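Engineer: This is protein_9.txt (compact mmCIF, C-alpha atoms).
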# COMPACT_ATOMS: atom_id res chain seq x y z
CA MET R 1 -32.23 16.71 32.83
CA GLU R 2 -34.43 13.89 31.52
CA ILE R 3 -36.11 16.11 28.94
CA GLY R 4 -32.66 17.34 27.96
CA TYR R 5 -31.58 13.80 27.12
CA VAL R 6 -34.73 13.29 25.04
CA ILE R 7 -34.07 16.54 23.16
CA ALA R 8 -30.43 15.58 22.62
CA GLY R 9 -31.52 12.23 21.23
CA ALA R 10 -34.01 13.94 18.94
CA ILE R 11 -31.39 16.42 17.65
CA VAL R 12 -28.89 13.65 16.90
CA GLY R 13 -31.61 11.53 15.33
CA VAL R 14 -32.65 14.33 13.00
CA LEU R 15 -29.04 15.00 11.98
CA VAL R 16 -28.39 11.31 11.37
CA GLY R 17 -31.53 10.95 9.28
CA PHE R 18 -30.83 14.18 7.41
CA THR R 19 -27.08 13.91 6.76
CA GLY R 20 -26.30 10.23 7.25
CA ILE R 21 -23.50 11.13 9.66
CA GLY R 22 -22.89 8.50 12.33
CA GLY R 23 -24.72 9.00 15.60
CA GLY R 24 -21.71 8.10 17.75
CA ALA R 25 -19.65 11.00 16.42
CA LEU R 26 -22.45 13.36 17.48
CA MET R 27 -23.96 11.70 20.55
CA THR R 28 -20.88 10.88 22.60
CA PRO R 29 -19.35 14.41 22.55
CA MET R 30 -22.78 15.90 23.27
CA LEU R 31 -23.25 13.70 26.34
CA ILE R 32 -19.76 14.46 27.66
CA LEU R 33 -19.50 18.17 26.90
CA GLY R 34 -23.16 19.14 27.03
CA PHE R 35 -24.41 17.08 29.98
CA GLY R 36 -21.29 16.21 31.90
CA VAL R 37 -21.85 12.47 31.57
CA PRO R 38 -18.71 10.55 32.62
CA VAL R 39 -16.61 9.66 29.58
CA VAL R 40 -16.73 5.87 29.97
CA THR R 41 -20.48 5.92 30.71
CA ALA R 42 -21.15 8.06 27.62
CA VAL R 43 -19.16 5.71 25.38
CA SER R 44 -20.76 2.51 26.72
CA THR R 45 -24.31 3.90 26.59
CA ASP R 46 -23.79 5.15 23.05
CA LEU R 47 -22.54 1.71 21.99
CA ALA R 48 -25.79 0.13 23.19
CA TYR R 49 -27.71 2.96 21.52
CA ALA R 50 -25.90 2.32 18.22
CA ALA R 51 -26.52 -1.43 18.32
CA ILE R 52 -30.27 -0.90 18.77
CA THR R 53 -30.70 1.88 16.21
CA LYS R 54 -28.59 0.15 13.54
CA LEU R 55 -30.36 -3.21 13.92
CA ALA R 56 -33.52 -2.21 12.05
CA GLY R 57 -31.51 -0.76 9.19
CA SER R 58 -29.31 -3.82 8.84
CA VAL R 59 -32.33 -6.15 8.78
CA ALA R 60 -33.90 -4.07 6.01
CA TYR R 61 -30.72 -4.26 3.91
CA ALA R 62 -30.34 -7.99 4.58
CA ARG R 63 -33.86 -8.67 3.34
CA GLN R 64 -32.96 -6.94 0.09
CA ARG R 65 -29.80 -9.08 -0.17
CA LEU R 66 -27.63 -5.99 0.12
CA VAL R 67 -25.18 -7.43 2.63
CA ALA R 68 -21.87 -9.03 1.61
CA TRP R 69 -21.74 -11.59 4.40
CA ARG R 70 -18.24 -12.83 3.58
CA VAL R 71 -16.92 -9.29 4.03
CA VAL R 72 -18.85 -8.94 7.29
CA ILE R 73 -17.34 -12.18 8.64
CA LEU R 74 -13.81 -11.13 7.68
CA LEU R 75 -14.25 -7.76 9.37
CA LEU R 76 -15.62 -9.44 12.48
CA CYS R 77 -12.63 -11.80 12.53
CA GLY R 78 -10.58 -8.69 13.26
CA SER R 79 -13.01 -6.34 15.01
CA VAL R 80 -14.30 -8.74 17.68
CA PRO R 81 -10.77 -9.60 18.92
CA GLY R 82 -9.93 -5.89 18.71
CA SER R 83 -12.96 -5.06 20.82
CA LEU R 84 -12.16 -7.78 23.37
CA PHE R 85 -8.56 -6.55 23.57
CA ALA R 86 -9.77 -3.00 24.30
CA LEU R 87 -12.26 -4.28 26.89
CA HIS R 88 -9.51 -6.29 28.57
CA TYR R 89 -7.40 -3.15 28.83
CA LEU R 90 -10.26 -1.24 30.42
CA SER R 91 -10.94 -4.01 32.92
CA ALA R 92 -7.25 -4.32 33.79
CA ALA R 93 -6.67 -0.57 34.16
CA GLU R 94 -5.47 0.22 37.66
CA ASP R 95 -7.67 3.26 38.16
CA LEU R 96 -10.47 5.24 36.55
CA GLU R 97 -8.14 8.10 35.67
CA SER R 98 -6.05 5.96 33.34
CA GLN R 99 -9.23 4.65 31.67
CA VAL R 100 -10.52 8.18 31.11
CA ALA R 101 -7.17 9.38 29.75
CA LEU R 102 -7.04 6.60 27.14
CA VAL R 103 -10.70 6.97 26.15
CA ASN R 104 -10.29 10.75 25.77
CA LEU R 105 -7.29 10.22 23.47
CA ILE R 106 -9.01 7.56 21.33
CA LEU R 107 -12.19 9.64 21.26
CA GLY R 108 -10.24 12.61 19.93
CA ILE R 109 -8.45 10.53 17.28
CA SER R 110 -11.73 8.92 16.16
CA LEU R 111 -13.46 12.30 15.87
CA VAL R 112 -10.61 13.78 13.82
CA LEU R 113 -10.54 10.76 11.50
CA THR R 114 -14.32 10.92 11.12
CA SER R 115 -14.20 14.63 10.27
CA VAL R 116 -11.56 13.99 7.59
CA VAL R 117 -13.65 11.18 6.08
CA LEU R 118 -16.72 13.44 6.06
CA CYS R 119 -14.79 16.19 4.26
CA LEU R 120 -13.64 13.68 1.63
CA ARG R 121 -16.97 11.86 1.49
CA GLY R 122 -18.16 13.41 -1.77
CA LYS R 123 -14.85 12.77 -3.52
CA ILE R 124 -14.74 9.17 -2.31
CA GLN R 125 -18.29 8.51 -3.49
CA ARG R 126 -17.62 10.13 -6.91
CA TRP R 127 -14.46 8.06 -7.28
CA GLN R 128 -16.41 4.94 -6.34
CA ALA R 129 -19.15 5.78 -8.86
CA ALA R 130 -16.58 6.33 -11.62
CA ARG R 131 -14.87 3.01 -10.89
CA GLN R 132 -18.22 1.25 -10.73
CA ALA R 133 -19.28 2.66 -14.09
CA ASP R 134 -16.33 0.94 -15.75
CA THR R 135 -17.23 -2.46 -14.34
CA ASP R 136 -20.32 -4.40 -13.36
CA ASN R 137 -22.00 -4.01 -9.98
CA THR R 138 -21.21 -7.45 -8.64
CA VAL R 139 -18.30 -8.59 -6.54
CA GLN R 140 -16.65 -11.65 -7.97
CA PRO R 141 -16.43 -14.60 -5.58
CA VAL R 142 -13.03 -15.16 -4.08
CA THR R 143 -11.64 -18.43 -2.80
CA GLY R 144 -8.89 -18.79 -0.24
CA VAL R 145 -7.38 -15.97 1.80
CA GLY R 146 -5.87 -13.14 -0.20
CA LEU R 147 -4.23 -9.80 0.57
CA LYS R 148 -7.58 -8.00 0.61
CA ASP R 149 -8.90 -10.48 3.20
CA LEU R 150 -5.90 -9.87 5.44
CA ILE R 151 -6.39 -6.09 5.08
CA LEU R 152 -10.03 -6.50 6.10
CA ILE R 153 -9.10 -8.51 9.20
CA ALA R 154 -6.31 -6.11 10.22
CA SER R 155 -8.49 -3.06 9.60
CA GLY R 156 -11.29 -4.72 11.53
CA PHE R 157 -8.99 -5.18 14.54
CA VAL R 158 -8.11 -1.48 14.56
CA LEU R 159 -11.74 -0.50 14.01
CA GLY R 160 -12.87 -2.79 16.83
CA GLY R 161 -10.50 -1.12 19.26
CA LEU R 162 -11.45 2.40 18.17
CA VAL R 163 -15.18 1.75 18.38
CA THR R 164 -14.97 0.02 21.76
CA LEU R 165 -12.95 2.83 23.31
CA SER R 166 -14.79 5.73 21.69
CA SER R 167 -18.10 4.40 20.22
CA ILE R 168 -17.07 6.23 17.02
CA GLY R 169 -15.93 4.94 13.63
CA ALA R 170 -18.17 1.98 12.82
CA GLY R 171 -20.13 4.08 10.32
CA ALA R 172 -17.94 6.69 8.64
CA LEU R 173 -14.61 4.85 8.86
CA GLY R 174 -16.10 1.45 8.06
CA THR R 175 -17.88 2.77 4.98
CA ALA R 176 -14.77 4.55 3.70
CA LEU R 177 -12.75 1.34 4.11
CA LEU R 178 -15.26 -0.70 2.10
CA ILE R 179 -15.45 1.91 -0.67
CA LEU R 180 -11.68 1.86 -1.08
CA LEU R 181 -11.40 -1.94 -1.00
CA PHE R 182 -14.47 -2.77 -3.11
CA PRO R 183 -14.94 -0.17 -5.88
CA ARG R 184 -17.13 -2.64 -7.80
CA MET R 185 -19.61 -2.98 -4.95
CA SER R 186 -22.72 -0.79 -5.16
CA MET R 187 -23.07 1.99 -2.58
CA ARG R 188 -26.25 0.44 -1.17
CA LYS R 189 -24.49 -2.86 -0.60
CA ILE R 190 -21.56 -1.08 1.04
CA VAL R 191 -23.95 0.64 3.45
CA GLY R 192 -25.78 -2.61 4.16
CA THR R 193 -22.53 -4.50 4.75
CA ASP R 194 -21.18 -1.78 7.05
CA LEU R 195 -24.44 -1.73 9.03
CA ALA R 196 -24.44 -5.51 9.50
CA HIS R 197 -20.86 -5.39 10.77
CA ALA R 198 -21.53 -2.39 13.00
CA VAL R 199 -24.52 -4.04 14.69
CA VAL R 200 -22.47 -7.04 15.81
CA LEU R 201 -19.43 -4.96 16.77
CA THR R 202 -21.37 -2.42 18.84
CA ALA R 203 -23.37 -5.23 20.48
CA VAL R 204 -20.16 -7.02 21.51
CA ALA R 205 -18.54 -3.80 22.72
CA GLY R 206 -21.71 -2.68 24.49
CA SER R 207 -22.07 -6.06 26.23
CA GLY R 208 -18.48 -5.83 27.39
CA HIS R 209 -19.04 -2.35 28.82
CA TYR R 210 -22.20 -3.62 30.52
CA SER R 211 -20.18 -6.36 32.22
CA LEU R 212 -17.83 -3.65 33.50
CA GLY R 213 -20.78 -1.76 34.97
CA ASN R 214 -20.47 1.26 32.67
CA LEU R 215 -23.86 1.16 30.92
CA ASP R 216 -26.64 3.56 32.00
CA PHE R 217 -29.97 2.03 30.96
CA VAL R 218 -32.04 5.02 32.08
CA LEU R 219 -29.95 7.37 29.93
CA LEU R 220 -30.20 4.91 27.04
CA GLY R 221 -34.00 4.89 27.29
CA TYR R 222 -34.26 8.69 27.17
CA LEU R 223 -31.91 8.90 24.18
CA LEU R 224 -33.93 6.32 22.24
CA LEU R 225 -37.17 8.09 23.13
CA GLY R 226 -35.94 11.17 21.29
CA SER R 227 -33.76 9.71 18.55
CA LEU R 228 -36.11 7.15 17.00
CA PRO R 229 -38.73 9.72 15.90
CA GLY R 230 -35.87 12.13 15.15
CA VAL R 231 -34.35 9.78 12.58
CA VAL R 232 -37.73 9.46 10.87
CA LEU R 233 -38.12 13.25 10.76
CA GLY R 234 -34.58 13.73 9.46
CA SER R 235 -35.06 11.18 6.69
CA GLN R 236 -38.19 13.04 5.58
CA LEU R 237 -36.35 16.38 5.58
CA ALA R 238 -33.62 14.83 3.40
CA LYS R 239 -36.19 14.43 0.62
CA TYR R 240 -36.71 18.18 0.38
CA LEU R 241 -33.51 19.81 1.66
CA SER R 242 -29.84 19.36 0.76
CA SER R 243 -27.38 18.38 3.47
CA ALA R 244 -24.40 19.53 1.37
CA VAL R 245 -23.94 22.70 3.46
CA LEU R 246 -24.53 21.10 6.85
CA GLN R 247 -22.09 18.20 6.43
CA PRO R 248 -18.90 20.34 6.15
CA VAL R 249 -20.01 22.42 9.15
CA ILE R 250 -20.44 19.27 11.24
CA ALA R 251 -17.10 17.94 9.97
CA VAL R 252 -15.29 21.10 11.10
CA LEU R 253 -17.08 20.97 14.45
CA LEU R 254 -16.10 17.33 14.98
CA PHE R 255 -12.48 18.16 14.09
CA GLY R 256 -12.37 20.92 16.71
CA ILE R 257 -13.98 18.72 19.37
CA GLY R 258 -11.60 15.89 18.49
CA VAL R 259 -8.55 18.11 18.97
CA ARG R 260 -10.01 19.27 22.29
CA PHE R 261 -10.30 15.67 23.56
CA MET R 262 -6.78 14.85 22.37
CA LEU R 263 -5.35 17.78 24.34
CA VAL R 264 -7.19 17.00 27.60
Just give me the structure of the file as structure tokens.

Structural biologist:
Amino acid sequence: MEIGYVIAGAIVGVLVGFTGIGGGALMTPMLILGFGVPVVTAVSTDLAYAAITKLAGSVAYARQRLVAWRVVILLLCGSVPGSLFALHYLSAAEDLESQVALVNLILGISLVLTSVVLCLRGKIQRWQAARQADTDNTVQPVTGVGLKDLILIASGFVLGGLVTLSSIGAGALGTALLILLFPRMSMRKIVGTDLAHAVVLTAVAGSGHYSLGNLDFVLLGYLLLGSLPGVVLGSQLAKYLSSAVLQPVIAVLLFGIGVRFMLV
């Protein structure tokens, strides 16, 4: 079983490096359906896995000044309370069955939403590029709290709950939200901003799951052992091969798996 976890981590790492698709959308269903890992354990372990793997990327973007910290703070103003609210529900749940039922439902919804975003990814990025071409690349400073700020906080709350209960959404859904709200922001800065937010959110959610006794450190170690070199390999493959064919296939697969979890 241990070598199976390492291989699973490597497969997900390669796909993440090759396609850019979030690891949570791939890892959590694989652990549950492929290895029979309990649902709550799979979600909590994947949250810790995401926090660790995203940290290096966010630091690299921050060093290049490709993180909009004001946007990150506004998102966290919503996502951290959303995460804590979800954790409180899990801790107050009367039995494990009710926890599993809710997590299965949220997991299914998150997978379906992620698959839709992946299918529309190219169109969203082309729309963003067209909008960006008509304006400059910078985001004008904003003072006070405006409608966009309130949308960020509210969206962050929903995102925090989804990610905490499913470990899915911080990447694909967060990026799509930023593209729609900030068409003048460069794609690299959007990715950097989303990564910085995701690191904090997954760390908070993962810490909460750890306090509930859901985190499996041994499983986490095996997944990292395979995924870290896998991401490197996938990023190298992306230089020579196109992921345009693979992304829709994965999107359809995630949609089917999401529907399956929603109907459990």

Engineer: Which residue is closest to Ile168 of chain R? Choose from R:Val191, R:Leu33, R:Ala198, R:Val14 and count only C-alpha atoms.

Structural biologist: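 Of all the options, R:Ala198 lies closest to Ile168 of chain R.
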
Engineer: Would you pick out the contacts of Leu212 of chain R at 7 Å or less, using all atoms listed in the file, so that residues sharing its chain but fewer than 3 positions from it are not included, and give the list as a list in words?

Structural biologist: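 Close residues of Leu212 of chain R: Ser91, Gly208 and His209 of chain R.
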
Engineer: Hey, what's within 12 Å of His88 of chain R if we count only C-alpha atoms and toss same-chain stuff fewer than 5 positions away? As a PyMOL selection string, please?

Structural biologist: chain R and resi 81-83+93-94+99+161+164-165+205+208-209+211-212

Engineer: Give me the residues near Val163 of chain R as a PDB file with C-alpha atoms, keeping the file's coordinate frame, where near means some atom within 9 Å (using all atoms listed in the file) and where sequence neighbours in that chain fewer than 4 positions away do not count.

Structural biologist:
ATOM      1  CA  VAL R  43     -19.160   5.710  25.380  1.00  0.00           C
ATOM      2  CA  LEU R  47     -22.540   1.710  21.990  1.00  0.00           C
ATOM      3  CA  SER R  83     -12.960  -5.060  20.820  1.00  0.00           C
ATOM      4  CA  ILE R 106      -9.010   7.560  21.330  1.00  0.00           C
ATOM      5  CA  LEU R 107     -12.190   9.640  21.260  1.00  0.00           C
ATOM      6  CA  SER R 110     -11.730   8.920  16.160  1.00  0.00           C
ATOM      7  CA  VAL R 158      -8.110  -1.480  14.560  1.00  0.00           C
ATOM      8  CA  LEU R 159     -11.740  -0.500  14.010  1.00  0.00           C
ATOM      9  CA  SER R 167     -18.100   4.400  20.220  1.00  0.00           C
ATOM     10  CA  ILE R 168     -17.070   6.230  17.020  1.00  0.00           C
ATOM     11  CA  GLY R 169     -15.930   4.940  13.630  1.00  0.00           C
ATOM     12  CA  ALA R 170     -18.170   1.980  12.820  1.00  0.00           C
ATOM     13  CA  LEU R 201     -19.430  -4.960  16.770  1.00  0.00           C
ATOM     14  CA  THR R 202     -21.370  -2.420  18.840  1.00  0.00           C
ATOM     15  CA  ALA R 205     -18.540  -3.800  22.720  1.00  0.00           C
TER      16      ALA R 205
END

Engineer: I'd like the contact shell of Leu102 of chain R - 10 Å cut-off, all atoms listed in the file, skipping same-chain residues fewer than 2 positions apart - returned as a PyMOL selection string.

Structural biologist: chain R and resi 89-90+97-100+104-108+165-166+262

Engineer: Using all atoms listed in the file, which of the listed residues (R:Tyr222, R:Tyr61, R:Phe261, R:Phe35) sits closest to Val6 of chain R?

Structural biologist: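 Ranking R:Tyr222, R:Tyr61, R:Phe261, R:Phe35 by distance to Val6 of chain R, first place goes to R:Tyr222.
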
Engineer: Would you mind writing segment 201-213 of chain R with N, CA, C and O atoms, as a PDB file, in the coordinates of the input?

Structural biologist:
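Below is the file that was written, out02.pdb:
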ATOM      1  N   LEU R 201     -20.549  -5.560  16.047  1.00  0.00           N
ATOM      2  CA  LEU R 201     -19.430  -4.960  16.770  1.00  0.00           C
ATOM      3  C   LEU R 201     -19.901  -4.134  17.960  1.00  0.00           C
ATOM      4  O   LEU R 201     -19.377  -4.269  19.073  1.00  0.00           O
ATOM      5  N   THR R 202     -20.889  -3.264  17.742  1.00  0.00           N
ATOM      6  CA  THR R 202     -21.370  -2.420  18.840  1.00  0.00           C
ATOM      7  C   THR R 202     -22.078  -3.250  19.910  1.00  0.00           C
ATOM      8  O   THR R 202     -22.026  -2.909  21.096  1.00  0.00           O
ATOM      9  N   ALA R 203     -22.723  -4.347  19.494  1.00  0.00           N
ATOM     10  CA  ALA R 203     -23.370  -5.230  20.480  1.00  0.00           C
ATOM     11  C   ALA R 203     -22.318  -5.902  21.355  1.00  0.00           C
ATOM     12  O   ALA R 203     -22.473  -5.995  22.580  1.00  0.00           O
ATOM     13  N   VAL R 204     -21.237  -6.390  20.739  1.00  0.00           N
ATOM     14  CA  VAL R 204     -20.160  -7.020  21.510  1.00  0.00           C
ATOM     15  C   VAL R 204     -19.511  -6.001  22.446  1.00  0.00           C
ATOM     16  O   VAL R 204     -19.312  -6.270  23.643  1.00  0.00           O
ATOM     17  N   ALA R 205     -19.181  -4.831  21.903  1.00  0.00           N
ATOM     18  CA  ALA R 205     -18.540  -3.800  22.720  1.00  0.00           C
ATOM     19  C   ALA R 205     -19.468  -3.318  23.829  1.00  0.00           C
ATOM     20  O   ALA R 205     -19.048  -3.132  24.976  1.00  0.00           O
ATOM     21  N   GLY R 206     -20.751  -3.122  23.489  1.00  0.00           N
ATOM     22  CA  GLY R 206     -21.710  -2.680  24.490  1.00  0.00           C
ATOM     23  C   GLY R 206     -21.899  -3.705  25.594  1.00  0.00           C
ATOM     24  O   GLY R 206     -22.005  -3.361  26.780  1.00  0.00           O
ATOM     25  N   SER R 207     -21.930  -4.984  25.231  1.00  0.00           N
ATOM     26  CA  SER R 207     -22.070  -6.060  26.230  1.00  0.00           C
ATOM     27  C   SER R 207     -20.861  -6.081  27.158  1.00  0.00           C
ATOM     28  O   SER R 207     -20.997  -6.287  28.370  1.00  0.00           O
ATOM     29  N   GLY R 208     -19.685  -5.864  26.568  1.00  0.00           N
ATOM     30  CA  GLY R 208     -18.480  -5.830  27.390  1.00  0.00           C
ATOM     31  C   GLY R 208     -18.504  -4.674  28.376  1.00  0.00           C
ATOM     32  O   GLY R 208     -18.151  -4.843  29.551  1.00  0.00           O
ATOM     33  N   HIS R 209     -18.934  -3.500  27.923  1.00  0.00           N
ATOM     34  CA  HIS R 209     -19.040  -2.350  28.820  1.00  0.00           C
ATOM     35  C   HIS R 209     -20.085  -2.600  29.903  1.00  0.00           C
ATOM     36  O   HIS R 209     -19.916  -2.186  31.051  1.00  0.00           O
ATOM     37  N   TYR R 210     -21.171  -3.277  29.536  1.00  0.00           N
ATOM     38  CA  TYR R 210     -22.200  -3.620  30.520  1.00  0.00           C
ATOM     39  C   TYR R 210     -21.617  -4.513  31.619  1.00  0.00           C
ATOM     40  O   TYR R 210     -21.901  -4.319  32.806  1.00  0.00           O
ATOM     41  N   SER R 211     -20.798  -5.471  31.228  1.00  0.00           N
ATOM     42  CA  SER R 211     -20.180  -6.360  32.220  1.00  0.00           C
ATOM     43  C   SER R 211     -19.229  -5.617  33.142  1.00  0.00           C
ATOM     44  O   SER R 211     -18.982  -6.044  34.279  1.00  0.00           O
ATOM     45  N   LEU R 212     -18.711  -4.472  32.664  1.00  0.00           N
ATOM     46  CA  LEU R 212     -17.830  -3.650  33.500  1.00  0.00           C
ATOM     47  C   LEU R 212     -18.606  -2.658  34.352  1.00  0.00           C
ATOM     48  O   LEU R 212     -18.017  -1.916  35.141  1.00  0.00           O
ATOM     49  N   GLY R 213     -19.938  -2.648  34.166  1.00  0.00           N
ATOM     50  CA  GLY R 213     -20.780  -1.760  34.970  1.00  0.00           C
ATOM     51  C   GLY R 213     -20.822  -0.325  34.480  1.00  0.00           C
ATOM     52  O   GLY R 213     -21.135   0.586  35.256  1.00  0.00           O
TER      53      GLY R 213
END
